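J.: Structure file model_14.cif, mmCIF, C-alpha atoms, is pasted below:
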```cif
data_protein
#
loop_
_atom_site.group_PDB
_atom_site.id
_atom_site.type_symbol
_atom_site.label_atom_id
_atom_site.label_comp_id
_atom_site.auth_asym_id
_atom_site.auth_seq_id
_atom_site.Cartn_x
_atom_site.Cartn_y
_atom_site.Cartn_z
ATOM 1 C CA MET A 9 0.000 0.000 0.000
ATOM 2 C CA LYS A 10 1.157 3.484 -0.849
ATOM 3 C CA HIS A 11 0.793 4.777 2.703
ATOM 4 C CA THR A 12 2.674 1.931 4.397
ATOM 5 C CA VAL A 13 5.748 2.658 2.287
ATOM 6 C CA LEU A 14 5.353 6.396 2.924
ATOM 7 C CA LYS A 15 5.083 5.765 6.645
ATOM 8 C CA ARG A 16 8.236 3.639 6.671
ATOM 9 C CA LEU A 17 10.113 6.293 4.720
ATOM 10 C CA LYS A 18 8.847 9.073 6.982
ATOM 11 C CA ASN A 19 9.732 7.170 10.156
ATOM 12 C CA ASN A 20 13.235 6.741 8.817
ATOM 13 C CA GLY A 21 13.854 10.399 8.194
ATOM 14 C CA PHE A 22 12.958 10.704 4.519
ATOM 15 C CA PRO A 23 11.284 13.985 3.501
ATOM 16 C CA VAL A 24 7.685 12.771 3.246
ATOM 17 C CA PRO A 25 4.976 15.408 3.816
ATOM 18 C CA ASP A 26 2.722 14.819 6.846
ATOM 19 C CA PHE A 27 -0.326 12.756 6.037
ATOM 20 C CA LEU A 28 -3.115 10.749 7.527
ATOM 21 C CA VAL A 29 -4.994 7.789 6.121
ATOM 22 C CA VAL A 30 -8.775 7.392 6.262
ATOM 23 C CA LYS A 31 -11.409 5.086 4.831
ATOM 24 C CA PRO A 32 -13.405 6.443 1.850
ATOM 25 C CA ASN A 33 -16.617 6.911 3.903
ATOM 26 C CA SER A 34 -14.900 8.912 6.663
ATOM 27 C CA LYS A 35 -15.967 12.299 7.913
ATOM 28 C CA LEU A 36 -13.164 14.734 8.673
ATOM 29 C CA ILE A 37 -12.993 17.411 11.294
ATOM 30 C CA VAL A 38 -11.090 20.585 10.551
ATOM 31 C CA ARG A 39 -10.272 22.373 13.816
ATOM 32 C CA SER A 40 -8.984 25.752 14.877
ATOM 33 C CA SER A 41 -5.662 25.853 16.668
ATOM 34 C CA ALA A 42 -4.654 29.515 16.941
ATOM 35 C CA ASN A 43 -1.382 30.732 18.444
ATOM 36 C CA ILE A 44 -3.122 32.002 21.563
ATOM 37 C CA GLU A 45 -5.543 29.149 22.188
ATOM 38 C CA ASP A 46 -5.384 27.250 25.494
ATOM 39 C CA GLY A 47 -2.887 29.663 27.042
ATOM 40 C CA LYS A 48 -3.587 32.103 29.872
ATOM 41 C CA HIS A 49 -7.020 32.621 28.358
ATOM 42 C CA SER A 50 -8.807 29.669 26.901
ATOM 43 C CA TRP A 51 -10.516 31.371 23.931
ATOM 44 C CA ALA A 52 -12.947 28.496 24.417
ATOM 45 C CA GLY A 53 -15.637 28.448 21.736
ATOM 46 C CA ILE A 54 -14.316 31.608 20.123
ATOM 47 C CA PHE A 55 -12.951 30.092 16.941
ATOM 48 C CA GLU A 56 -14.641 27.709 14.561
ATOM 49 C CA SER A 57 -14.195 24.027 13.770
ATOM 50 C CA TYR A 58 -16.149 22.076 11.172
ATOM 51 C CA ILE A 59 -17.077 18.524 10.338
ATOM 52 C CA THR A 60 -16.845 17.847 6.632
ATOM 53 C CA LYS A 61 -17.257 14.965 4.245
ATOM 54 C CA PRO A 62 -15.439 16.017 1.070
ATOM 55 C CA LYS A 63 -16.920 14.409 -2.018
ATOM 56 C CA GLU A 64 -13.358 13.842 -3.307
ATOM 57 C CA ILE A 65 -12.759 11.296 -0.546
ATOM 58 C CA GLU A 66 -15.808 9.356 -1.732
ATOM 59 C CA LEU A 67 -14.668 9.717 -5.349
ATOM 60 C CA VAL A 68 -11.293 8.189 -4.517
ATOM 61 C CA GLY A 69 -13.228 5.353 -2.881
ATOM 62 C CA LYS A 70 -15.468 4.932 -5.921
ATOM 63 C CA SER A 71 -12.446 4.729 -8.227
ATOM 64 C CA ALA A 72 -11.850 1.240 -6.808
ATOM 65 C CA THR A 73 -14.778 0.002 -8.889
ATOM 66 C CA SER A 74 -14.462 2.259 -11.957
ATOM 67 C CA PRO A 75 -14.570 0.684 -15.454
ATOM 68 C CA LYS A 76 -10.834 1.380 -15.723
ATOM 69 C CA ALA A 77 -10.092 -0.391 -12.428
ATOM 70 C CA LYS A 78 -12.286 -3.364 -13.357
ATOM 71 C CA LEU A 79 -10.611 -3.688 -16.750
ATOM 72 C CA TYR A 80 -7.142 -3.503 -15.209
ATOM 73 C CA ALA A 81 -8.038 -6.077 -12.542
ATOM 74 C CA GLU A 82 -9.371 -8.366 -15.254
ATOM 75 C CA LYS A 83 -6.192 -7.967 -17.343
ATOM 76 C CA ILE A 84 -3.898 -8.832 -14.443
ATOM 77 C CA GLY A 85 -6.229 -11.573 -13.150
ATOM 78 C CA TYR A 86 -7.020 -9.922 -9.802
ATOM 79 C CA LYS A 87 -10.322 -11.318 -8.537
ATOM 80 C CA SER A 88 -10.575 -10.134 -4.917
ATOM 81 C CA LYS A 89 -12.123 -6.882 -3.724
ATOM 82 C CA VAL A 90 -10.035 -3.715 -3.858
ATOM 83 C CA GLU A 91 -9.899 -2.245 -0.334
ATOM 84 C CA MET A 92 -9.419 1.487 -0.771
ATOM 85 C CA ASN A 93 -7.697 3.808 1.687
ATOM 86 C CA VAL A 94 -7.405 7.552 1.230
ATOM 87 C CA ILE A 95 -4.340 9.617 2.021
ATOM 88 C CA ILE A 96 -5.038 13.163 3.237
ATOM 89 C CA GLN A 97 -2.091 15.424 2.693
ATOM 90 C CA GLU A 98 -1.305 19.103 2.244
ATOM 91 C CA ALA A 99 -0.880 19.765 -1.492
ATOM 92 C CA ILE A 100 2.659 20.884 -2.274
ATOM 93 C CA GLU A 101 3.041 23.104 -5.311
ATOM 94 C CA GLY A 102 6.249 23.097 -7.282
ATOM 95 C CA LEU A 103 8.070 20.976 -9.822
ATOM 96 C CA VAL A 104 6.576 17.492 -9.778
ATOM 97 C CA GLY A 105 8.299 14.515 -11.373
ATOM 98 C CA VAL A 106 9.181 10.869 -11.264
ATOM 99 C CA CYS A 107 12.363 8.845 -10.992
ATOM 100 C CA PHE A 108 13.133 5.248 -11.901
ATOM 101 C CA THR A 109 16.074 4.337 -9.711
ATOM 102 C CA ASP A 110 17.247 1.308 -11.710
ATOM 103 C CA LYS A 111 18.631 3.573 -14.403
ATOM 104 C CA MET A 112 18.329 6.811 -12.417
ATOM 105 C CA LEU A 113 15.975 8.182 -15.062
ATOM 106 C CA PHE A 114 14.224 11.433 -14.129
ATOM 107 C CA GLU A 115 11.213 13.061 -15.768
ATOM 108 C CA PRO A 116 11.548 15.942 -15.968
ATOM 109 C CA ASP A 117 15.260 15.987 -15.217
ATOM 110 C CA PRO A 118 15.794 18.768 -12.658
ATOM 111 C CA LYS A 119 19.566 18.153 -12.510
ATOM 112 C CA ASN A 120 19.294 18.332 -8.727
ATOM 113 C CA LYS A 121 22.077 16.506 -6.894
ATOM 114 C CA GLU A 122 20.181 16.386 -3.623
ATOM 115 C CA LEU A 123 17.201 14.754 -5.361
ATOM 116 C CA ILE A 124 19.443 12.155 -7.015
ATOM 117 C CA LYS A 125 20.955 11.376 -3.604
ATOM 118 C CA ILE A 126 17.566 11.037 -1.895
ATOM 119 C CA CYS A 127 16.191 8.768 -4.638
ATOM 120 C CA LYS A 128 19.247 6.521 -4.395
ATOM 121 C CA GLN A 129 18.847 6.413 -0.604
ATOM 122 C CA VAL A 130 15.175 5.444 -0.949
ATOM 123 C CA GLU A 131 16.184 2.579 -3.235
ATOM 124 C CA GLN A 132 18.868 1.430 -0.784
ATOM 125 C CA PHE A 133 16.436 1.662 2.131
ATOM 126 C CA ILE A 134 13.701 -0.350 0.377
ATOM 127 C CA GLY A 135 16.256 -2.741 -1.105
ATOM 128 C CA ARG A 136 14.782 -2.837 -4.601
ATOM 129 C CA PRO A 137 14.670 -0.469 -7.620
ATOM 130 C CA GLN A 138 11.966 2.135 -7.031
ATOM 131 C CA ASP A 139 9.557 4.243 -9.086
ATOM 132 C CA ILE A 140 9.475 7.458 -7.044
ATOM 133 C CA GLU A 141 7.184 10.483 -7.308
ATOM 134 C CA TRP A 142 8.808 13.642 -6.001
ATOM 135 C CA VAL A 143 8.140 17.361 -5.806
ATOM 136 C CA ILE A 144 10.512 20.280 -5.324
ATOM 137 C CA ASP A 145 8.540 23.022 -3.566
ATOM 138 C CA LYS A 146 8.834 26.752 -4.187
ATOM 139 C CA LYS A 147 11.501 27.077 -1.506
ATOM 140 C CA GLY A 148 13.571 24.348 -3.178
ATOM 141 C CA LYS A 149 12.814 21.654 -0.622
ATOM 142 C CA ILE A 150 12.485 18.110 -1.923
ATOM 143 C CA TRP A 151 9.544 15.930 -0.897
ATOM 144 C CA ILE A 152 8.885 12.273 -1.632
ATOM 145 C CA LEU A 153 5.216 11.698 -2.525
ATOM 146 C CA GLN A 154 5.266 8.030 -3.446
ATOM 147 C CA SER A 155 7.634 5.126 -3.872
ATOM 148 C CA ARG A 156 6.831 1.731 -5.343
ATOM 149 C CA ASP A 157 8.730 -1.210 -6.789
ATOM 150 C CA ILE A 158 9.262 -0.952 -10.523
ATOM 151 C CA SER A 159 6.691 -3.302 -12.013
ATOM 152 C CA MET B 20 10.276 9.310 -31.473
ATOM 153 C CA ARG B 21 10.721 6.992 -28.547
ATOM 154 C CA ILE B 22 9.796 3.476 -27.668
ATOM 155 C CA LEU B 23 7.915 3.499 -24.415
ATOM 156 C CA SER B 24 6.957 -0.162 -24.378
ATOM 157 C CA ARG B 25 8.479 -2.672 -26.752
ATOM 158 C CA GLY B 26 6.606 -4.892 -29.142
ATOM 159 C CA ASN B 27 5.175 -5.101 -32.599
ATOM 160 C CA ILE B 28 2.413 -2.740 -33.537
ATOM 161 C CA GLU B 29 0.017 -4.372 -35.908
ATOM 162 C CA GLY B 30 -3.609 -3.784 -36.634
ATOM 163 C CA GLU B 31 -5.938 -0.965 -37.537
ATOM 164 C CA ILE B 32 -5.674 2.603 -36.276
ATOM 165 C CA GLY B 33 -8.674 3.413 -34.124
ATOM 166 C CA LYS B 34 -9.666 -0.226 -33.773
ATOM 167 C CA ASP B 35 -6.669 -2.146 -32.429
ATOM 168 C CA ILE B 36 -4.266 0.764 -32.145
ATOM 169 C CA LEU B 37 -4.968 3.793 -29.981
ATOM 170 C CA VAL B 38 -3.487 7.036 -31.279
ATOM 171 C CA CYS B 39 -3.671 9.976 -28.897
ATOM 172 C CA LYS B 40 -2.031 13.295 -28.090
ATOM 173 C CA LYS B 41 -1.052 12.430 -24.576
ATOM 174 C CA ALA B 42 -1.665 9.263 -22.622
ATOM 175 C CA THR B 43 -3.165 10.784 -19.487
ATOM 176 C CA PRO B 44 -4.558 8.615 -16.682
ATOM 177 C CA ASP B 45 -7.979 9.164 -18.304
ATOM 178 C CA ALA B 46 -6.699 7.416 -21.438
ATOM 179 C CA ILE B 47 -5.763 4.291 -19.494
ATOM 180 C CA GLU B 48 -9.219 2.790 -19.976
ATOM 181 C CA TYR B 49 -8.742 2.999 -23.754
ATOM 182 C CA ILE B 50 -5.159 1.758 -23.499
ATOM 183 C CA LEU B 51 -6.383 -1.327 -21.676
ATOM 184 C CA LYS B 52 -8.760 -2.008 -24.574
ATOM 185 C CA SER B 53 -6.040 -1.552 -27.222
ATOM 186 C CA LYS B 54 -3.444 -3.903 -28.675
ATOM 187 C CA ALA B 55 -0.979 -1.078 -29.132
ATOM 188 C CA VAL B 56 -0.632 2.628 -28.418
ATOM 189 C CA ILE B 57 0.909 5.527 -30.323
ATOM 190 C CA VAL B 58 1.207 8.839 -28.445
ATOM 191 C CA GLU B 59 2.318 12.265 -29.575
ATOM 192 C CA GLU B 60 3.705 13.294 -26.218
ATOM 193 C CA GLY B 61 4.754 11.244 -23.275
ATOM 194 C CA GLY B 62 7.723 9.883 -21.432
ATOM 195 C CA LEU B 63 8.987 6.528 -20.338
ATOM 196 C CA LEU B 64 7.913 7.198 -16.790
ATOM 197 C CA SER B 65 4.297 8.211 -17.360
ATOM 198 C CA HIS B 66 1.495 6.139 -15.835
ATOM 199 C CA ALA B 67 0.436 5.068 -19.306
ATOM 200 C CA SER B 68 3.935 3.859 -20.213
ATOM 201 C CA ILE B 69 4.199 1.936 -16.968
ATOM 202 C CA ILE B 70 0.851 0.228 -17.575
ATOM 203 C CA CYS B 71 1.804 -0.595 -21.175
ATOM 204 C CA ARG B 72 5.111 -2.174 -20.171
ATOM 205 C CA GLU B 73 3.467 -4.081 -17.351
ATOM 206 C CA LEU B 74 0.784 -5.525 -19.625
ATOM 207 C CA ASN B 75 3.034 -5.980 -22.686
ATOM 208 C CA ILE B 76 1.098 -3.458 -24.737
ATOM 209 C CA PRO B 77 3.499 -1.926 -27.281
ATOM 210 C CA CYS B 78 3.665 1.860 -27.030
ATOM 211 C CA VAL B 79 5.627 4.402 -29.053
ATOM 212 C CA GLN B 80 5.820 8.174 -29.066
ATOM 213 C CA ILE B 81 5.772 9.690 -32.546
ATOM 214 C CA ASP B 82 5.601 13.426 -33.271
ATOM 215 C CA ASN B 83 2.387 14.556 -34.965
ATOM 216 C CA ALA B 84 0.972 11.040 -34.589
ATOM 217 C CA THR B 85 -2.635 12.224 -34.562
ATOM 218 C CA LYS B 86 -2.090 13.981 -37.884
ATOM 219 C CA VAL B 87 -0.062 11.200 -39.504
ATOM 220 C CA PHE B 88 -2.264 8.268 -38.564
ATOM 221 C CA LYS B 89 -5.846 8.446 -39.672
ATOM 222 C CA LYS B 90 -8.577 6.227 -38.314
ATOM 223 C CA GLY B 91 -8.868 2.993 -40.242
ATOM 224 C CA THR B 92 -5.264 2.960 -41.497
ATOM 225 C CA PRO B 93 -3.885 -0.556 -41.430
ATOM 226 C CA ILE B 94 -0.420 -0.980 -39.917
ATOM 227 C CA THR B 95 1.423 -4.002 -41.215
ATOM 228 C CA GLY B 96 4.345 -4.103 -38.893
ATOM 229 C CA LEU B 97 6.416 -1.860 -36.787
ATOM 230 C CA ASN B 98 9.610 -1.029 -38.455
ATOM 231 C CA TRP B 99 12.742 0.673 -37.988
ATOM 232 C CA VAL B 100 15.112 3.466 -38.571
ATOM 233 C CA TYR B 101 15.328 6.730 -36.713
ATOM 234 C CA GLY B 102 11.739 7.101 -35.766
ATOM 235 C CA GLU B 103 10.440 8.068 -39.104
ATOM 236 C CA VAL B 104 7.143 7.261 -40.620
ATOM 237 C CA ILE B 105 7.971 5.977 -44.048
ATOM 238 C CA ASN B 106 5.633 7.448 -46.601
ATOM 239 C CA ASP B 107 7.799 7.019 -49.627
ATOM 240 C CA ILE B 108 9.875 3.878 -49.591
ATOM 241 C CA ASP B 109 12.117 4.817 -52.516
ATOM 242 C CA ASN B 110 12.835 8.144 -50.910
ATOM 243 C CA PHE B 111 13.561 6.388 -47.610
ATOM 244 C CA LEU B 112 16.014 3.985 -49.185
ATOM 245 C CA GLN B 113 17.684 6.818 -51.033
ATOM 246 C CA LYS B 114 18.028 8.834 -47.841
ATOM 247 C CA TYR B 115 19.689 6.031 -45.942
ATOM 248 C CA LYS B 116 21.708 4.558 -48.756
ATOM 249 C CA ASN B 117 24.971 5.292 -47.004
ATOM 250 C CA LEU B 118 24.057 3.617 -43.747
ATOM 251 C CA ASP B 119 25.449 0.277 -42.815
ATOM 252 C CA PHE B 120 23.027 -2.374 -41.694
ATOM 253 C CA LYS B 121 23.308 -5.764 -40.171
ATOM 254 C CA ALA B 122 20.544 -8.103 -39.143
ATOM 255 C CA ILE B 123 20.483 -10.491 -36.242
ATOM 256 C CA GLU B 124 17.677 -12.970 -35.935
ATOM 257 C CA SER B 125 16.264 -13.910 -32.565
ATOM 258 C CA ASP B 126 13.195 -16.010 -31.728
ATOM 259 C CA ASN B 127 10.323 -14.237 -33.386
ATOM 260 C CA GLU B 128 11.901 -11.020 -34.378
ATOM 261 C CA ILE B 129 14.678 -9.669 -36.429
ATOM 262 C CA LEU B 130 17.019 -7.054 -35.139
ATOM 263 C CA VAL B 131 18.653 -5.083 -37.852
ATOM 264 C CA ARG B 132 21.550 -3.007 -36.714
ATOM 265 C CA ILE B 133 23.877 -0.624 -38.317
ATOM 266 C CA GLY B 134 26.697 -2.886 -39.326
ATOM 267 C CA LYS B 135 28.918 -3.561 -42.226
ATOM 268 C CA ILE B 136 26.656 -3.549 -45.238
ATOM 269 C CA MET B 137 25.246 -0.502 -46.910
ATOM 270 C CA ILE B 138 21.562 -0.151 -47.426
ATOM 271 C CA ASN B 139 21.787 0.381 -51.162
ATOM 272 C CA ASN B 140 23.737 -2.840 -51.325
ATOM 273 C CA ILE B 141 21.065 -4.557 -49.313
ATOM 274 C CA LYS B 142 18.471 -3.359 -51.725
ATOM 275 C CA GLU B 143 20.511 -4.493 -54.658
ATOM 276 C CA HIS B 144 21.147 -7.822 -53.051
ATOM 277 C CA LEU B 145 17.671 -8.279 -51.778
ATOM 278 C CA PHE B 146 16.732 -10.722 -54.446
ATOM 279 C CA GLU B 147 20.270 -11.820 -55.188
ATOM 280 C CA THR B 148 21.239 -13.118 -51.818
ATOM 281 C CA ASN B 149 24.090 -15.221 -53.153
ATOM 282 C CA SER B 150 26.336 -12.255 -53.362
ATOM 283 C CA ILE B 151 26.144 -11.416 -49.676
ATOM 284 C CA GLU B 152 28.964 -13.003 -47.734
ATOM 285 C CA ASP B 153 27.449 -13.579 -44.337
ATOM 286 C CA GLU B 154 24.728 -16.150 -44.960
ATOM 287 C CA GLU B 155 23.445 -16.052 -41.393
ATOM 288 C CA TRP B 156 21.546 -12.884 -41.826
ATOM 289 C CA ILE B 157 20.587 -13.033 -45.464
ATOM 290 C CA ASP B 158 17.100 -14.329 -44.668
ATOM 291 C CA SER B 159 16.620 -11.728 -41.990
ATOM 292 C CA LEU B 160 17.345 -8.977 -44.384
ATOM 293 C CA LYS B 161 14.703 -10.226 -46.740
ATOM 294 C CA SER B 162 11.882 -9.657 -44.312
ATOM 295 C CA PRO B 163 12.082 -5.931 -43.691
ATOM 296 C CA PHE B 164 12.751 -5.159 -47.271
ATOM 297 C CA SER B 165 10.109 -7.448 -48.656
ATOM 298 C CA LEU B 166 7.834 -5.687 -46.219
ATOM 299 C CA PHE B 167 8.755 -2.422 -47.910
ATOM 300 C CA GLU B 168 7.904 -4.006 -51.218
ATOM 301 C CA LYS B 169 4.606 -5.290 -49.921
ATOM 302 C CA ALA B 170 3.723 -1.926 -48.454
ATOM 303 C CA LYS B 171 4.567 -0.276 -51.717
ATOM 304 C CA THR B 172 2.048 -2.338 -53.622
ATOM 305 C CA SER B 173 -0.680 -2.359 -50.980
ATOM 306 C CA GLY B 174 -0.317 1.271 -49.930
ATOM 307 C CA GLU B 175 0.005 0.324 -46.283
ATOM 308 C CA ARG B 176 1.968 2.450 -43.879
ATOM 309 C CA ILE B 177 5.249 1.409 -42.309
ATOM 310 C CA ILE B 178 6.371 3.055 -39.138
ATOM 311 C CA ALA B 179 10.064 3.443 -38.661
ATOM 312 C CA ILE B 180 11.379 3.139 -35.151
ATOM 313 C CA SER B 181 14.536 2.356 -33.305
ATOM 314 C CA TRP B 182 14.937 1.715 -29.646
ATOM 315 C CA THR B 183 18.484 2.711 -29.321
ATOM 316 C CA ASP B 184 20.535 4.764 -31.715
ATOM 317 C CA LYS B 185 21.874 1.619 -33.235
ATOM 318 C CA ILE B 186 19.352 -1.147 -32.894
ATOM 319 C CA ILE B 187 16.536 -1.229 -35.315
ATOM 320 C CA ARG B 188 13.716 -3.672 -35.049
ATOM 321 C CA ALA B 189 11.819 -5.409 -37.757
ATOM 322 C CA SER B 190 8.887 -7.712 -37.293
ATOM 323 C CA SER B 191 8.754 -10.740 -39.504
ATOM 324 C CA LEU B 192 5.803 -11.018 -41.803
#
```
Show me the file's structure as structure tokens.

T.:
Amino acid sequence: MKHTVLKRLKNNGFPVPDFLVVKPNSKLIVRSSANIEDGKHSWAGIFESYITKPKEIELVGKSATSPKAKLYAEKIGYKSKVEMNVIIQEAIEGLVGVCFTDKMLFEPDPKNKELIKICKQVEQFIGRPQDIEWVIDKKGKIWILQSRDIS
Amino acid sequence: MRILSRGNIEGEIGKDILVCKKATPDAIEYILKSKAVIVEEGGLLSHASIICRELNIPCVQIDNATKVFKKGTPITGLNWVYGEVINDIDNFLQKYKNLDFKAIESDNEILVRIGKIMINNIKEHLFETNSIEDEEWIDSLKSPFSLFEKAKTSGERIIAISWTDKIIRASSL
């Protein structure tokens, strides 16, 4: 699963953005947490928090049974049910790309030594050639968004 | 011109072969229903390329593919040389007359690589194989060039591709 690899990488110091994993039918709560809350004054009930059920979470869930998913499952001979999980993560804007570590191919090629080093380290950590999705944010920081074995 | 997933492309454009501008994740459904894919834009590392390689669906990137390949066009075989679509076979042979070619036969396919013989010689010797020294690859050379001949008479399109600078692939007829 995408998130188990991400969790392993994050726990071992790789630059993975914070995330949480929910089931597709989950409700989320978005809560206030201002700089001055719960200090000398409580500010209790002053700010707002909301419960939300974004339709996108359900849509990710529904994609488990899309025509495309069914066709792919049929082609590879997968007959069990697809159990979907949803990763909730802050969207990072910047240069997004992929890397295949077996040949150290990058698309696009950012010619970034730090990125090359991190991708190689991910491969060494996992122990197999990896297909890595990365992003370099506007401040130049590298983030790993996904890593999977090369199929 | 790049090979994104190896294999022979044979069939009819729009029926067996998907031709599209860019193989986005939305195109994957159509890719899964196709025997082969030709894209105008796209890299080796795109989702579509990954899926194609995983499922052994041949996929190539060819500039202006959507303009070059019209729906219903039959493709006889996927062939060779510098990523060109061969429209005029005589012109093609003329253009590459100074290149050296050599063919190596493997199980079901023929690899033709730039080697010691010149293409105009190959053409000359195509139906006079006795004069070529290295008998091993005489038969292999026949296939791609007889395919040119066949395409010439039938009006079918041949796609020229190579998957390294030097290795050129021909499918046997």

J.: Please return, as number ranges by chain, all residues of chain B lying within 8 Å of chain A when only C-alpha atoms are considered.

T.: B: 47-48, 51, 62, 64, 69, 73-74

J.: Using all atoms listed in the file for the distances, tell me which of B:Ile81, B:Ile22, B:Leu37, B:Ile32 is nearest to B:Glu60.

T.: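 Closest to B:Glu60 of all the choices is B:Ile81.
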
J.: Looking at A:Asn93, A:Phe133, A:Ser40, A:Gly21, which one is nearest to A:Gly53, with distances taken over all atoms listed in the file?

T.: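 Using all atoms listed in the file, the shortest distance to A:Gly53 belongs to A:Ser40.
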
J.: Which residues come within 12 Å of A:Met112, counting all atoms listed in the file, excluding same-chain residues fewer than 5 positions away, as a list in words?

T.: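 So, after excluding close chain neighbours, the residues are Val106, Cys107, Asp117, Lys119, Lys121, Leu123, Ile124, Lys125, Ile126, Cys127, Lys128, Gln129, Val130, Glu131, Pro137, Gln138, Asp139 and Ile140 of chain A; Leu64 of chain B.
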
J.: Tell me which residues the PyMOL selection byres ((chain B and resi 79) around 8) grabs here, as JSON, numbers by chain.

T.: {"B": [20, 21, 22, 23, 24, 25, 56, 57, 58, 77, 78, 80, 81]}

J.: Write out as a ChimeraX atom specification each polymer residue whose atoms come within 12 Å of A:Gly148, counting only C-alpha atoms; drop sequence neighbours fewer than 4 positions from it.

T.: /A:100-104,118,120,122-123,143-144

J.: With N, CA and C atoms as the target, complete stretch 110-128 of chain A and hand it back as a CSV table (one decimal), in the coordinates of the input.

T.:
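Just written: result-v3.csv:
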```csv
chain,number,residue,atom,x,y,z
A,110,ASP,N,16.4,2.3,-11.1
A,110,ASP,CA,17.2,1.3,-11.7
A,110,ASP,C,18.2,1.9,-12.7
A,111,LYS,N,17.7,2.9,-13.5
A,111,LYS,CA,18.6,3.6,-14.4
A,111,LYS,C,18.8,5.0,-14.0
A,112,MET,N,18.3,5.4,-12.9
A,112,MET,CA,18.3,6.8,-12.4
A,112,MET,C,17.8,7.8,-13.5
A,113,LEU,N,16.7,7.4,-14.1
A,113,LEU,CA,16.0,8.2,-15.1
A,113,LEU,C,15.1,9.2,-14.4
A,114,PHE,N,15.1,10.4,-14.7
A,114,PHE,CA,14.2,11.4,-14.1
A,114,PHE,C,13.3,12.1,-15.2
A,115,GLU,N,12.1,12.3,-14.9
A,115,GLU,CA,11.2,13.1,-15.8
A,115,GLU,C,10.4,14.0,-15.0
A,116,PRO,N,10.5,15.3,-15.2
A,116,PRO,CA,11.5,15.9,-16.0
A,116,PRO,C,12.9,15.9,-15.2
A,117,ASP,N,14.0,16.1,-15.9
A,117,ASP,CA,15.3,16.0,-15.2
A,117,ASP,C,15.6,17.3,-14.6
A,118,PRO,N,15.5,17.5,-13.3
A,118,PRO,CA,15.8,18.8,-12.7
A,118,PRO,C,17.3,19.0,-12.4
A,119,LYS,N,18.1,18.0,-12.7
A,119,LYS,CA,19.6,18.2,-12.5
A,119,LYS,C,19.9,18.6,-11.1
A,120,ASN,N,19.2,18.0,-10.1
A,120,ASN,CA,19.3,18.3,-8.7
A,120,ASN,C,20.0,17.2,-8.0
A,121,LYS,N,21.2,17.5,-7.5
A,121,LYS,CA,22.1,16.5,-6.9
A,121,LYS,C,21.5,15.9,-5.6
A,122,GLU,N,20.8,16.8,-4.9
A,122,GLU,CA,20.2,16.4,-3.6
A,122,GLU,C,19.1,15.4,-3.9
A,123,LEU,N,18.3,15.7,-5.0
A,123,LEU,CA,17.2,14.8,-5.4
A,123,LEU,C,17.8,13.4,-5.8
A,124,ILE,N,18.8,13.4,-6.6
A,124,ILE,CA,19.4,12.2,-7.0
A,124,ILE,C,19.9,11.3,-5.8
A,125,LYS,N,20.5,12.0,-4.8
A,125,LYS,CA,21.0,11.4,-3.6
A,125,LYS,C,19.8,10.8,-2.8
A,126,ILE,N,18.7,11.5,-2.7
A,126,ILE,CA,17.6,11.0,-1.9
A,126,ILE,C,16.9,9.8,-2.6
A,127,CYS,N,16.8,9.9,-3.9
A,127,CYS,CA,16.2,8.8,-4.6
A,127,CYS,C,17.0,7.5,-4.5
A,128,LYS,N,18.3,7.7,-4.6
A,128,LYS,CA,19.2,6.5,-4.4
A,128,LYS,C,19.1,5.9,-3.0
```
